[in-house]
Amino acid sequence: MILYPAIDLKDGQCVRLYKGAMDQATVFSDAPAEQAGAFAEQGAEWLHLVDLNGAFAGAPVNAAAVEAILAAVNIPCQLGGGIRDMETIAGWLDKGLRRVILGTVAVEEPDLVRLAAREFPGQIAVGIDAREGRVATRGWAEETEVEVTDLARQFEDAGVAAIIYTDINRDGAMQGPNVAATAALARAVSLPVIASGGVSSLDDLIALRDCGVALDGAISGRALYDGKLDLAEALALLRG
């Protein structure tokens with residue numbers, strides 16, 4: 001199971017939100033590329049990047065910060081937030097991103113996800129962000145009636161690289177991940193599932209690792225910045 005340190009970008013800074021609320025952002029660094037380099041030096045195998053402004057705007061906003069991160073590290077990075085057309089997808093992959101995460105368009109334009117997965121095999125992930133089992137879109141600001149499992153199953157045969165499942169009510173709250181819901185999703189689909197939201201301790205990682213179904217990875221942000229989770233120790237645990 002891969003541990004993905006998260007770098008969430010708002011106004012060019014590295015922040016963490018509380019349960020997805022843009023007005024409840026804690027700034028951890030005004031030099032995201034330096035933070036990315038620090039994670040890489042500590043042994044991270046991947047980085048998870050989110051353009052928070054872009055998620056609301058529907059187009060890249062923190063492109064300069066993302067490009068600086070890509071220039072600073074040699075480990076693969078995945079990015080979500082405001083990526084809603086083929087031109088943007090292709091542009092980011094050309095700039096060195098290993099994987100693009102599609103969230104809102106997975107609900108609103110699922111055919112675009114399928115097309116992208118065909119055009120860029122192994123480089124497209126679907127981000128499913130949910131409250132109480134229902135998918136939220138457009139920077140988590142819009143609630144839908146779409147259920148998590150129903151959405152994931154639409155892409156079973158599309159060739160997507162992974163499903164990134166975020167429990168919004170756990171995100172940034174340091175209350176532990178929704179292990180049961182994540183495991184249920186992983187059992188319901190054949191696609192690799194990456195857990196996100198609330199991962200804040202070694203015990204959380206152990207619970208995900210030992211949930212009864214193999215998960216591809218887990219994303220953690222605030223706990224790494226707060227020092228509640230030691231990256232080197234966590235990586236050693238998962239590798240061991």
# chains A, B, ... in the order shown; residues from 1 in each chain; ligands from 1
>>> select_by_dssp(residues="range 5-227 of chain A", states="strand (DSSP E or B)", output="number ranges by chain")
A: 5-10, 13-18, 21-29, 47-51, 77-80, 99-102, 124-131, 134-137, 142-147, 162-167, 193-196, 217-220
>>> residues_around(residues="Ala234 in chain A", least_positions_apart="6", cutoff="10 Å", atoms="only C-alpha atoms", output="PyMOL selection string")
chain A and resi 3+44+201-203+205-206+224+240
>>> select_by_dssp(residues="range 10-211 of chain A", states="alpha helix (DSSP H)", output="JSON, numbers by chain")
{"A": [32, 33, 34, 35, 36, 37, 38, 39, 40, 41, 52, 53, 54, 55, 56, 57, 63, 64, 65, 66, 67, 68, 69, 70, 71, 72, 86, 87, 88, 89, 90, 91, 92, 93, 94, 104, 105, 106, 107, 108, 110, 111, 112, 113, 114, 115, 116, 117, 118, 119, 148, 149, 150, 151, 152, 153, 179, 180, 181, 182, 183, 184, 185, 186, 187, 188, 202, 203, 204, 205, 206, 207, 208, 209]}
>>> residues_around(residues="range 127-134 of chain A", least_positions_apart="3", cutoff="6 Å", atoms="only C-alpha atoms", output="list in words")
Ile101, Leu102, Gly103, Glu145, Val146, Glu147, Val148, Ile163, Ile164, Tyr165, Thr166, Asp167 and Ile168 of chain A
>>> write_last_selection(atoms="C-alpha atoms", output="mmCIF file, in the first residue's frame")
data_model
loop_
_atom_site.group_PDB
_atom_site.id
_atom_site.type_symbol
_atom_site.label_atom_id
_atom_site.label_comp_id
_atom_site.auth_asym_id
_atom_site.auth_seq_id
_atom_site.Cartn_x
_atom_site.Cartn_y
_atom_site.Cartn_z
ATOM 1 C CA ILE A 101 -7.438 12.855 -11.411
ATOM 2 C CA LEU A 102 -10.898 13.521 -12.848
ATOM 3 C CA GLY A 103 -13.675 14.191 -10.359
ATOM 4 C CA GLU A 145 -27.765 11.982 -5.543
ATOM 5 C CA VAL A 146 -25.143 9.719 -7.113
ATOM 6 C CA GLU A 147 -23.925 6.933 -4.851
ATOM 7 C CA VAL A 148 -20.224 6.207 -4.593
ATOM 8 C CA ILE A 163 -10.373 5.258 -7.829
ATOM 9 C CA ILE A 164 -9.433 7.870 -5.225
ATOM 10 C CA TYR A 165 -12.142 7.836 -2.585
ATOM 11 C CA THR A 166 -12.403 10.759 -0.173
ATOM 12 C CA ASP A 167 -14.791 10.902 2.749
ATOM 13 C CA ILE A 168 -15.249 14.688 2.917
#
>>> residues_around(residues="range 111-118 of chain A", least_positions_apart="5", cutoff="8 Å", atoms="only C-alpha atoms", output="list in words")
Asp85, Met86, Ile89, Leu102, Val105, Ala106, Gln123, Ile124, Val126, Phe155, Ala158, Gly159 and Val160 of chain A
>>> atom_distance(atom1="CA of Ser220 in chain A", atom2="CA of Asp157 in chain A")
28.3 Å
>>> residues_around(residues="Tyr225 in chain A", least_positions_apart="4", cutoff="9 Å", atoms="only C-alpha atoms", output="list in words")
Phe28, Gly221 and Leu229 of chain A
>>> atom_distance(atom1="CA of Thr88 in chain A", atom2="CA of Val73 in chain A")
21.5 Å
>>> decode(residues="range 144-162 of chain A", atoms="N, CA and C atoms", output="mmCIF file, in the first residue's frame")
data_model
loop_
_atom_site.group_PDB
_atom_site.id
_atom_site.type_symbol
_atom_site.label_atom_id
_atom_site.label_comp_id
_atom_site.auth_asym_id
_atom_site.auth_seq_id
_atom_site.Cartn_x
_atom_site.Cartn_y
_atom_site.Cartn_z
ATOM 1 N N THR A 144 -24.713 15.706 -4.978
ATOM 2 C CA THR A 144 -25.504 14.990 -5.974
ATOM 3 C C THR A 144 -26.242 13.840 -5.294
ATOM 4 N N GLU A 145 -27.075 13.174 -6.048
ATOM 5 C CA GLU A 145 -27.765 11.982 -5.543
ATOM 6 C C GLU A 145 -27.058 10.703 -5.977
ATOM 7 N N VAL A 146 -25.889 10.865 -6.602
ATOM 8 C CA VAL A 146 -25.143 9.719 -7.113
ATOM 9 C C VAL A 146 -24.433 9.012 -5.959
ATOM 10 N N GLU A 147 -24.587 7.701 -5.894
ATOM 11 C CA GLU A 147 -23.925 6.933 -4.851
ATOM 12 C C GLU A 147 -22.517 6.538 -5.288
ATOM 13 N N VAL A 148 -21.637 6.464 -4.323
ATOM 14 C CA VAL A 148 -20.224 6.207 -4.593
ATOM 15 C C VAL A 148 -20.022 4.950 -5.429
ATOM 16 N N THR A 149 -20.588 3.852 -4.994
ATOM 17 C CA THR A 149 -20.369 2.574 -5.682
ATOM 18 C C THR A 149 -20.926 2.601 -7.103
ATOM 19 N N ASP A 150 -22.084 3.232 -7.284
ATOM 20 C CA ASP A 150 -22.673 3.307 -8.625
ATOM 21 C C ASP A 150 -21.757 4.062 -9.578
ATOM 22 N N LEU A 151 -21.163 5.143 -9.105
ATOM 23 C CA LEU A 151 -20.264 5.906 -9.962
ATOM 24 C C LEU A 151 -19.014 5.105 -10.290
ATOM 25 N N ALA A 152 -18.436 4.485 -9.291
ATOM 26 C CA ALA A 152 -17.208 3.712 -9.517
ATOM 27 C C ALA A 152 -17.438 2.594 -10.523
ATOM 28 N N ARG A 153 -18.560 1.938 -10.427
ATOM 29 C CA ARG A 153 -18.837 0.805 -11.319
ATOM 30 C C ARG A 153 -18.962 1.225 -12.776
ATOM 31 N N GLN A 154 -19.273 2.494 -13.021
ATOM 32 C CA GLN A 154 -19.370 2.966 -14.408
ATOM 33 C C GLN A 154 -18.030 2.886 -15.133
ATOM 34 N N PHE A 155 -16.943 2.839 -14.366
ATOM 35 C CA PHE A 155 -15.617 2.896 -14.983
ATOM 36 C C PHE A 155 -14.846 1.586 -14.846
ATOM 37 N N GLU A 156 -15.557 0.515 -14.504
ATOM 38 C CA GLU A 156 -14.919 -0.788 -14.331
ATOM 39 C C GLU A 156 -14.088 -1.200 -15.546
ATOM 40 N N ASP A 157 -14.644 -0.991 -16.724
ATOM 41 C CA ASP A 157 -13.979 -1.451 -17.949
ATOM 42 C C ASP A 157 -13.406 -0.295 -18.770
ATOM 43 N N ALA A 158 -13.230 0.845 -18.136
ATOM 44 C CA ALA A 158 -12.789 2.022 -18.888
ATOM 45 C C ALA A 158 -11.274 2.119 -18.996
ATOM 46 N N GLY A 159 -10.554 1.379 -18.150
ATOM 47 C CA GLY A 159 -9.107 1.450 -18.181
ATOM 48 C C GLY A 159 -8.506 2.509 -17.281
ATOM 49 N N VAL A 160 -9.296 3.005 -16.307
ATOM 50 C CA VAL A 160 -8.744 4.002 -15.385
ATOM 51 C C VAL A 160 -7.749 3.319 -14.441
ATOM 52 N N ALA A 161 -6.779 4.105 -13.976
ATOM 53 C CA ALA A 161 -5.698 3.546 -13.167
ATOM 54 C C ALA A 161 -6.118 3.283 -11.734
ATOM 55 N N ALA A 162 -7.039 4.094 -11.208
ATOM 56 C CA ALA A 162 -7.423 3.958 -9.806
ATOM 57 C C ALA A 162 -8.661 4.790 -9.519
#
